[in-house]
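**Student:** Contents of upload02.txt (compact mmCIF, C-alpha atoms and all ligand atoms) are given next:
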# COMPACT_ATOMS: atom_id res chain seq x y z
CA MET A 7 36.11 39.36 0.94
CA SER A 8 32.44 39.64 1.75
CA LEU A 9 29.97 36.93 0.93
CA ASP A 10 26.70 37.25 -0.93
CA TYR A 11 24.21 35.72 1.48
CA GLY A 12 21.62 35.94 -1.26
CA LEU A 13 23.61 33.27 -3.10
CA LEU A 14 23.63 31.00 -0.03
CA ARG A 15 19.88 31.53 0.43
CA THR A 16 19.27 30.58 -3.20
CA LEU A 17 21.53 27.53 -2.97
CA HIS A 18 19.78 26.43 0.23
CA ARG A 19 16.35 26.87 -1.36
CA MET A 20 17.40 24.77 -4.36
CA LEU A 21 18.90 22.05 -2.16
CA ARG A 22 15.66 21.93 -0.19
CA GLN A 23 13.65 21.72 -3.39
CA LEU A 24 15.79 18.78 -4.51
CA THR A 25 15.24 17.03 -1.16
CA ASP A 26 11.51 17.61 -1.48
CA ILE A 27 11.48 16.24 -5.03
CA GLY A 28 13.47 13.21 -3.88
CA GLU A 29 10.94 12.53 -1.12
CA ARG A 30 8.03 12.89 -3.50
CA MET A 31 9.74 10.52 -5.93
CA ASP A 32 10.07 7.93 -3.14
CA LYS A 33 6.43 8.29 -2.14
CA GLY A 34 5.10 7.22 -5.56
CA PRO A 35 6.43 3.66 -5.58
CA ARG A 36 5.33 3.28 -1.95
CA LYS A 37 1.77 4.25 -2.93
CA VAL A 38 1.88 1.78 -5.82
CA ARG A 39 3.09 -0.99 -3.51
CA ILE A 40 0.22 -0.33 -1.08
CA VAL A 41 -2.53 -0.52 -3.72
CA ALA A 42 -0.87 -3.57 -5.32
CA ALA A 43 -0.86 -5.34 -1.94
CA ASN A 44 -4.50 -4.39 -1.50
CA GLU A 45 -5.34 -5.81 -4.90
CA ALA A 46 -3.46 -9.03 -4.10
CA ASN A 47 -5.46 -9.40 -0.89
CA PHE A 48 -8.77 -9.01 -2.70
CA SER A 49 -7.62 -11.44 -5.38
CA LYS A 50 -6.79 -13.99 -2.69
CA ALA A 51 -10.16 -13.42 -1.00
CA LEU A 52 -11.91 -13.99 -4.33
CA ASP A 53 -10.01 -17.24 -4.92
CA GLU A 54 -10.95 -18.42 -1.44
CA ALA A 55 -14.62 -17.50 -1.92
CA LYS A 56 -14.68 -19.35 -5.26
CA ALA A 57 -13.03 -22.41 -3.71
CA ALA A 58 -15.54 -22.46 -0.84
CA LEU A 59 -18.43 -22.22 -3.30
CA LEU A 60 -17.03 -25.02 -5.44
CA GLU A 61 -16.58 -27.26 -2.43
CA MET A 62 -20.13 -26.63 -1.23
CA ARG A 63 -21.46 -27.30 -4.72
CA LYS A 64 -19.62 -30.64 -4.84
CA ALA A 65 -20.93 -31.60 -1.40
CA SER A 66 -24.46 -30.62 -2.39
CA ASN A 67 -24.28 -32.58 -5.63
CA ALA A 68 -23.00 -35.62 -3.78
CA LYS A 69 -25.84 -35.46 -1.28
CA GLN A 70 -28.43 -35.05 -4.00
CA LEU A 71 -26.98 -38.05 -5.78
CA GLN A 72 -27.13 -40.01 -2.54
CA LEU A 73 -30.77 -39.02 -2.05
CA GLY A 74 -31.60 -40.11 -5.58
CA GLU A 75 -29.99 -43.50 -5.01
CA ARG A 76 -31.83 -44.00 -1.74
CA GLU A 77 -35.14 -43.03 -3.27
CA ALA A 78 -34.55 -45.55 -6.06
CA LYS A 79 -33.77 -48.16 -3.44
CA ILE A 80 -37.02 -47.42 -1.60
CA GLU A 81 -38.98 -47.76 -4.86
CA ASP A 82 -37.23 -51.06 -5.41
CA MET A 83 -38.19 -52.27 -1.93
CA LYS A 84 -41.78 -51.14 -2.49
CA THR A 85 -42.08 -53.40 -5.56
CA LYS A 86 -40.62 -56.24 -3.54
CA LEU A 87 -43.41 -55.86 -0.96
CA ASN A 88 -45.80 -57.46 -3.47
CA VAL A 89 -43.72 -60.57 -3.85
CA CYS A 90 -42.97 -61.32 -0.21
CA ASP A 91 -43.16 -64.97 0.79
CA SER A 92 -44.05 -64.38 4.42
CA ASN A 93 -45.62 -61.83 6.71
CA LYS A 94 -42.36 -61.60 8.60
CA GLU A 95 -40.47 -60.76 5.45
CA PHE A 96 -43.17 -58.23 4.53
CA GLN A 97 -42.99 -56.57 7.94
CA LEU A 98 -39.17 -56.44 7.86
CA LEU A 99 -39.25 -54.81 4.46
CA LYS A 100 -41.89 -52.29 5.56
CA ASP A 101 -39.78 -51.39 8.59
CA ARG A 102 -36.74 -50.87 6.40
CA ILE A 103 -38.72 -48.68 4.00
CA ALA A 104 -39.98 -46.59 6.93
CA ALA A 105 -36.45 -46.26 8.33
CA ASP A 106 -35.04 -45.27 4.94
CA LEU A 107 -37.81 -42.72 4.40
CA GLN A 108 -36.94 -41.23 7.76
CA ALA A 109 -33.24 -41.11 6.82
CA ASN A 110 -34.11 -39.51 3.49
CA SER A 111 -36.13 -36.82 5.22
CA VAL A 112 -33.04 -35.93 7.26
CA LEU A 113 -31.00 -35.93 4.06
CA GLN A 114 -33.52 -33.60 2.39
CA ASP A 115 -33.22 -31.17 5.29
CA GLU A 116 -29.45 -31.26 4.95
CA ILE A 117 -29.73 -30.60 1.21
CA LEU A 118 -31.99 -27.60 1.83
CA GLU A 119 -29.50 -26.27 4.33
CA GLN A 120 -26.72 -26.71 1.77
CA LEU A 121 -28.73 -24.85 -0.86
CA GLU A 122 -29.12 -21.92 1.51
CA LYS A 123 -25.38 -21.97 2.16
CA LEU A 124 -24.79 -22.06 -1.60
CA ASP A 125 -26.83 -18.87 -1.97
CA VAL A 126 -24.77 -17.15 0.73
CA LEU A 127 -21.52 -18.34 -0.82
CA THR A 128 -22.62 -17.21 -4.29
CA ASP A 129 -23.36 -13.74 -2.91
CA GLY A 130 -19.94 -13.85 -1.25
CA VAL A 131 -18.24 -14.57 -4.58
CA ASP A 132 -20.15 -11.72 -6.25
CA ALA A 133 -19.11 -9.30 -3.50
CA SER A 134 -15.49 -10.50 -3.66
CA LYS A 135 -15.50 -10.02 -7.43
CA LYS A 136 -16.71 -6.45 -7.05
CA ASN A 137 -14.12 -5.70 -4.39
CA HIS A 138 -11.39 -7.18 -6.54
CA GLU A 139 -12.46 -5.21 -9.60
CA LYS A 140 -12.56 -2.02 -7.54
CA SER A 141 -9.06 -2.68 -6.19
CA GLN A 142 -7.80 -3.37 -9.72
CA ALA A 143 -9.21 -0.07 -10.96
CA GLU A 144 -7.72 1.75 -7.95
CA SER A 145 -4.37 0.09 -8.53
CA LYS A 146 -4.36 1.19 -12.16
CA ARG A 147 -5.46 4.70 -11.30
CA VAL A 148 -2.70 5.12 -8.71
CA SER A 149 -0.05 3.58 -10.98
CA ASP A 150 -0.98 5.91 -13.82
CA GLU A 151 -1.04 8.91 -11.50
CA VAL A 152 2.35 8.03 -10.01
CA ALA A 153 3.89 7.49 -13.46
CA LEU A 154 2.62 10.90 -14.55
CA ASP A 155 3.84 12.57 -11.35
CA LEU A 156 7.21 10.89 -11.70
CA LYS A 157 7.62 12.26 -15.21
CA ALA A 158 6.93 15.77 -13.96
CA LEU A 159 9.23 15.29 -10.95
CA VAL A 160 12.10 14.04 -13.11
CA ALA A 161 11.76 17.12 -15.31
CA GLU A 162 11.61 19.39 -12.27
CA LYS A 163 14.64 17.71 -10.74
CA GLU A 164 16.60 18.16 -13.97
CA ARG A 165 15.64 21.80 -14.16
CA ILE A 166 16.62 22.58 -10.55
CA THR A 167 19.82 20.52 -10.76
CA GLY A 168 20.81 22.58 -13.80
CA GLU A 169 19.97 25.84 -12.08
CA LEU A 170 21.86 24.74 -8.96
CA ALA A 171 24.95 23.89 -11.01
CA GLY A 172 24.75 27.37 -12.54
CA LYS A 173 24.46 29.03 -9.13
CA GLU A 174 27.28 26.93 -7.66
CA LYS A 175 29.62 28.54 -10.19
CA GLU A 176 29.18 31.75 -8.20
CA ILE A 177 30.62 30.18 -5.02
CA PRO A 178 34.09 31.62 -4.31
CA SER A 179 36.62 29.04 -5.47
CA ASP A 180 38.34 28.78 -2.06
CA LEU A 181 35.03 27.67 -0.50
CA LEU A 182 33.88 25.32 -3.21
CA ILE A 183 35.58 22.15 -1.90
CA GLN A 184 34.16 22.73 1.57
CA TYR A 185 30.71 23.38 0.11
CA ARG A 186 30.85 20.18 -1.94
CA ARG A 187 31.95 18.15 1.07
CA LEU A 188 29.10 19.58 3.15
CA VAL A 189 26.48 18.91 0.46
CA THR A 190 27.72 15.36 -0.07
CA GLY A 191 27.56 14.64 3.66
CA LYS A 192 24.51 16.63 4.76
CA GLY A 193 22.40 17.33 1.69
CA GLU A 194 20.15 20.35 2.24
CA ASP A 195 21.49 20.74 5.79
CA ALA A 196 24.84 21.78 4.31
CA LEU A 197 23.48 25.31 4.60
CA GLY A 198 21.55 26.86 7.45
CA ALA A 199 19.92 30.18 8.22
CA THR A 200 20.58 31.89 11.52
CA ASN A 201 18.87 34.69 13.43
CA THR A 202 22.37 35.58 14.83
CA GLU A 203 21.46 33.89 18.11
CA THR A 204 21.26 30.20 17.23
CA CYS A 205 21.88 27.95 14.24
CA GLY A 206 18.66 27.34 12.34
CA ASN A 207 19.60 23.70 11.79
CA CYS A 208 20.85 22.54 15.19
CA ASN A 209 20.00 25.39 17.62
CA GLN A 210 23.62 25.78 18.71
CA THR A 211 24.11 29.20 20.31
CA LEU A 212 26.39 31.45 18.30
CA THR A 213 29.52 33.00 19.85
CA PRO A 214 29.99 36.79 19.70
CA GLN A 215 32.85 36.19 17.27
CA THR A 216 30.57 34.17 14.98
CA VAL A 217 27.92 36.89 15.11
CA ASN A 218 30.58 39.45 14.30
CA ASP A 219 31.78 37.37 11.34
CA LEU A 220 28.20 37.08 10.12
CA MET A 221 27.74 40.84 10.27
CA MET A 222 30.96 41.20 8.28
CA LYS A 223 29.53 38.71 5.76
CA GLN A 224 32.38 36.29 6.29
CA PRO A 225 32.04 32.54 5.65
CA VAL A 226 30.76 31.13 8.94
CA PHE A 227 30.31 27.47 9.79
CA CYS A 228 28.23 26.29 12.73
CA LYS A 229 30.28 24.91 15.60
CA GLY A 230 27.47 22.46 16.35
CA CYS A 231 26.43 20.86 13.08
CA GLY A 232 29.06 22.30 10.76
CA CYS A 233 26.60 23.88 8.33
CA TRP A 234 27.49 26.97 6.37
CA MET A 235 25.43 29.74 7.93
CA TYR A 236 23.82 32.75 6.37
CA LEU A 237 21.46 35.52 7.41
CA PRO A 238 17.86 35.31 6.23
CA GLU A 239 16.54 37.84 3.75
CA ASN A 240 14.48 39.72 6.34
CA HIS A 241 17.43 40.16 8.74
CA PRO A 242 18.49 43.82 9.10
CA SER A 243 22.16 42.92 8.59
CA ALA A 244 21.50 40.76 5.55
ZN ZN B 1 24.20 24.09 13.45
Translate the structure described by the file into structure tokens.
**Tutor:**
Amino acid sequence: MSLDYGLLRTLHRMLRQLTDIGERMDKGPRKVRIVAANEANFSKALDEAKAALLEMRKASNAKQLQLGEREAKIEDMKTKLNVCDSNKEFQLLKDRIAADLQANSVLQDEILEQLEKLDVLTDGVDASKKNHEKSQAESKRVSDEVALDLKALVAEKERITGELAGKEKEIPSDLLIQYRRLVTGKGEDALGATNTETCGNCNQTLTPQTVNDLMMKQPVFCKGCGCWMYLPENHPSA
């Protein structure tokens, strides 16, 4: 019985195609997870920027309220200056007004500083919004692309699986169980090309007997990795 190495080459090519499709199918969800994580990070950054802005706004409002109250108090003291009973009382009140005006000037500086910070934080929120929107669009684009790719890959996988099943019918029946066991255990490495010197899968050196069997187109299994070996198309003995 002599084997058709062309059949083994075709089977090996199909098994490799299926491995490749499987890998590409795994890559899609990984890509989606990466962009989704990116989007989540930008969403978190936006929330944080908004929270910081809100906090600064509250602090600024509180300080402005405080300034307003103090200014009202100073006005109140100023009216009281006219109704002082003694010079001492007048002087005390004047000193307090001067001290409060000084404190208010500090407060005004602080308010100005807060307003500048508010501007920076507002810009920060705008930038975060843009980043988040960009990441959302990217996330959608990648998800759509992966879904489309997956559809094509599923169809390709079905097609090759069908073709493989058809080709496997050509395997001699006494070798079919061994073939199935190899494919189940090793996937595409169930088969391996050889240049008649070493195994193409594991580099194990072939014995003269193995080379002889290959030339006679007998079923040959690698003594290293166990794969079913065949000669490549361009080999003179193939
Ligand atoms: Zn091997």
**Student:** Of the residues A:Gly206, A:Leu220, A:Leu237, A:Arg186, which is the one nearest to ligand ZN 1 (chain B), using only C-alpha atoms and all ligand atoms?
**Tutor:**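 The shortest atom-to-atom distance to ligand ZN 1 (chain B) comes from A:Gly206.
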**Student:** How close does chain A get to ligand ZN 1 (chain B)? List, as a Markdown table, each residue of chain A within 9 Å, its nearest atom pair and the distance in Å to one decimal, counting only C-alpha atoms and all ligand atoms.
**Tutor:**
| residue | atom | partner | partner_atom | distance |
| --- | --- | --- | --- | --- |
| A:Asp195 | CA | B:ZN1 | ZN | 8.8 |
| A:Leu197 | CA | B:ZN1 | ZN | 9.0 |
| A:Gly198 | CA | B:ZN1 | ZN | 7.1 |
| A:Thr200 | CA | B:ZN1 | ZN | 8.8 |
| A:Thr204 | CA | B:ZN1 | ZN | 7.8 |
| A:Cys205 | CA | B:ZN1 | ZN | 4.6 |
| A:Gly206 | CA | B:ZN1 | ZN | 6.5 |
| A:Asn207 | CA | B:ZN1 | ZN | 4.9 |
| A:Cys208 | CA | B:ZN1 | ZN | 4.1 |
| A:Asn209 | CA | B:ZN1 | ZN | 6.1 |
| A:Gln210 | CA | B:ZN1 | ZN | 5.6 |
| A:Thr211 | CA | B:ZN1 | ZN | 8.6 |
| A:Phe227 | CA | B:ZN1 | ZN | 7.9 |
| A:Cys228 | CA | B:ZN1 | ZN | 4.6 |
| A:Lys229 | CA | B:ZN1 | ZN | 6.5 |
| A:Gly230 | CA | B:ZN1 | ZN | 4.7 |
| A:Cys231 | CA | B:ZN1 | ZN | 3.9 |
| A:Gly232 | CA | B:ZN1 | ZN | 5.8 |
| A:Cys233 | CA | B:ZN1 | ZN | 5.7 |
| A:Trp234 | CA | B:ZN1 | ZN | 8.3 |
| A:Met235 | CA | B:ZN1 | ZN | 8.0 |
**Student:** Contacts of Met31 (chain A) at 12 Å or less, counting all atoms listed in the file, minus same-chain residues fewer than 3 places along, as a list in words?
**Tutor:**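 In the requested form, the answer reads Leu24, Thr25, Asp26, Ile27, Gly28, Gly34, Pro35, Arg36, Lys37, Val38, Val152, Ala153, Leu154, Asp155, Leu156, Lys157, Ala158, Leu159, Val160, Ala161, Glu162 and Lys163 of chain A.
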**Student:** Find the residues around Lys84 (chain A) up to 8 Å (only C-alpha atoms counted), leave out those fewer than 4 positions away in its own chain, and share them as a PyMOL selection string.
**Tutor:** chain A and resi 80+88+103
**Student:** For the atom pair CA of Asn137 (chain A) and CA of Ile40 (chain A), what is the interatomic distance in Å to one decimal place?
**Tutor:**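 Answer for the CA of Asn137 (chain A) to CA of Ile40 (chain A) separation: 15.7 Å.
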**Student:** Can you work out the spacing between CA of Arg165 (chain A) and CA of Leu21 (chain A) in Å, to one decimal?
**Tutor:**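 So the two atoms, CA of Arg165 (chain A) and CA of Leu21 (chain A), lie 12.4 Å apart.
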**Student:** Could you state the separation of CA of Lys135 (chain A) and CA of Asp53 (chain A) in Å, given to one decimal place?
**Tutor:**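 So the answer is 9.4 Å.
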**Student:** Just checking: using only C-alpha atoms, which residue out of A:Val189, A:Ala104, A:Ile117, A:Val41 ends up closest to Gln70 (chain A)?
**Tutor:**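 Ranked by minimum distance to Gln70 (chain A), first place goes to A:Ile117.
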**Student:** Put a box with edges along x, y and z around all the listed atoms of region 106-116 of chain A, pad it by 3 Å on each side, then give me its centre and sizes in Å, one decimal, as lines of an AutoDock Vina configuration file.
**Tutor:**
center_x = -33.6
center_y = -38.2
center_z = 5.1
size_x = 14.4
size_y = 20.1
size_z = 11.4
**Student:** For Ala109 (chain A), which of A:Asn218, A:Ser66, A:Gln72, A:Thr167 is the closest residue, counting all atoms listed in the file?
**Tutor:**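 That would be A:Gln72, the residue with the smallest distance to Ala109 (chain A).
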**Student:** Using only C-alpha atoms, determine which residues lie at most 10 Å from Thr16 (chain A), disregarding the query and same-chain residues fewer than 6 positions distant; provide the list as a compact mmCIF listing (two decimals) with C-alpha atoms, in the frame of the given file.
**Tutor:**
# COMPACT_ATOMS: atom_id res chain seq x y z
CA ARG A 22 15.66 21.93 -0.19
CA LEU A 170 21.86 24.74 -8.96
CA LYS A 173 24.46 29.03 -9.13
CA GLU A 174 27.28 26.93 -7.66
**Student:** So, counting only C-alpha atoms, which residue among A:Leu127, A:His241, A:Glu81, A:Ser149 is closest to Ala57 (chain A)?
**Tutor:** A:Leu127
**Student:** Check the smallest atom-to-atom distance from each of A:Asp91, A:Asp125, A:Glu29, A:Glu116 to Ala68 (chain A) using all atoms listed in the file, then report the winner.
**Tutor:** A:Glu116
**Student:** Could you tell me which of A:Val148, A:Leu181, A:Ala42, A:Leu212 comes closest to Leu14 (chain A) if we count only C-alpha atoms?
**Tutor:**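 Using only C-alpha atoms, Leu14 (chain A) sits closest to A:Leu181.
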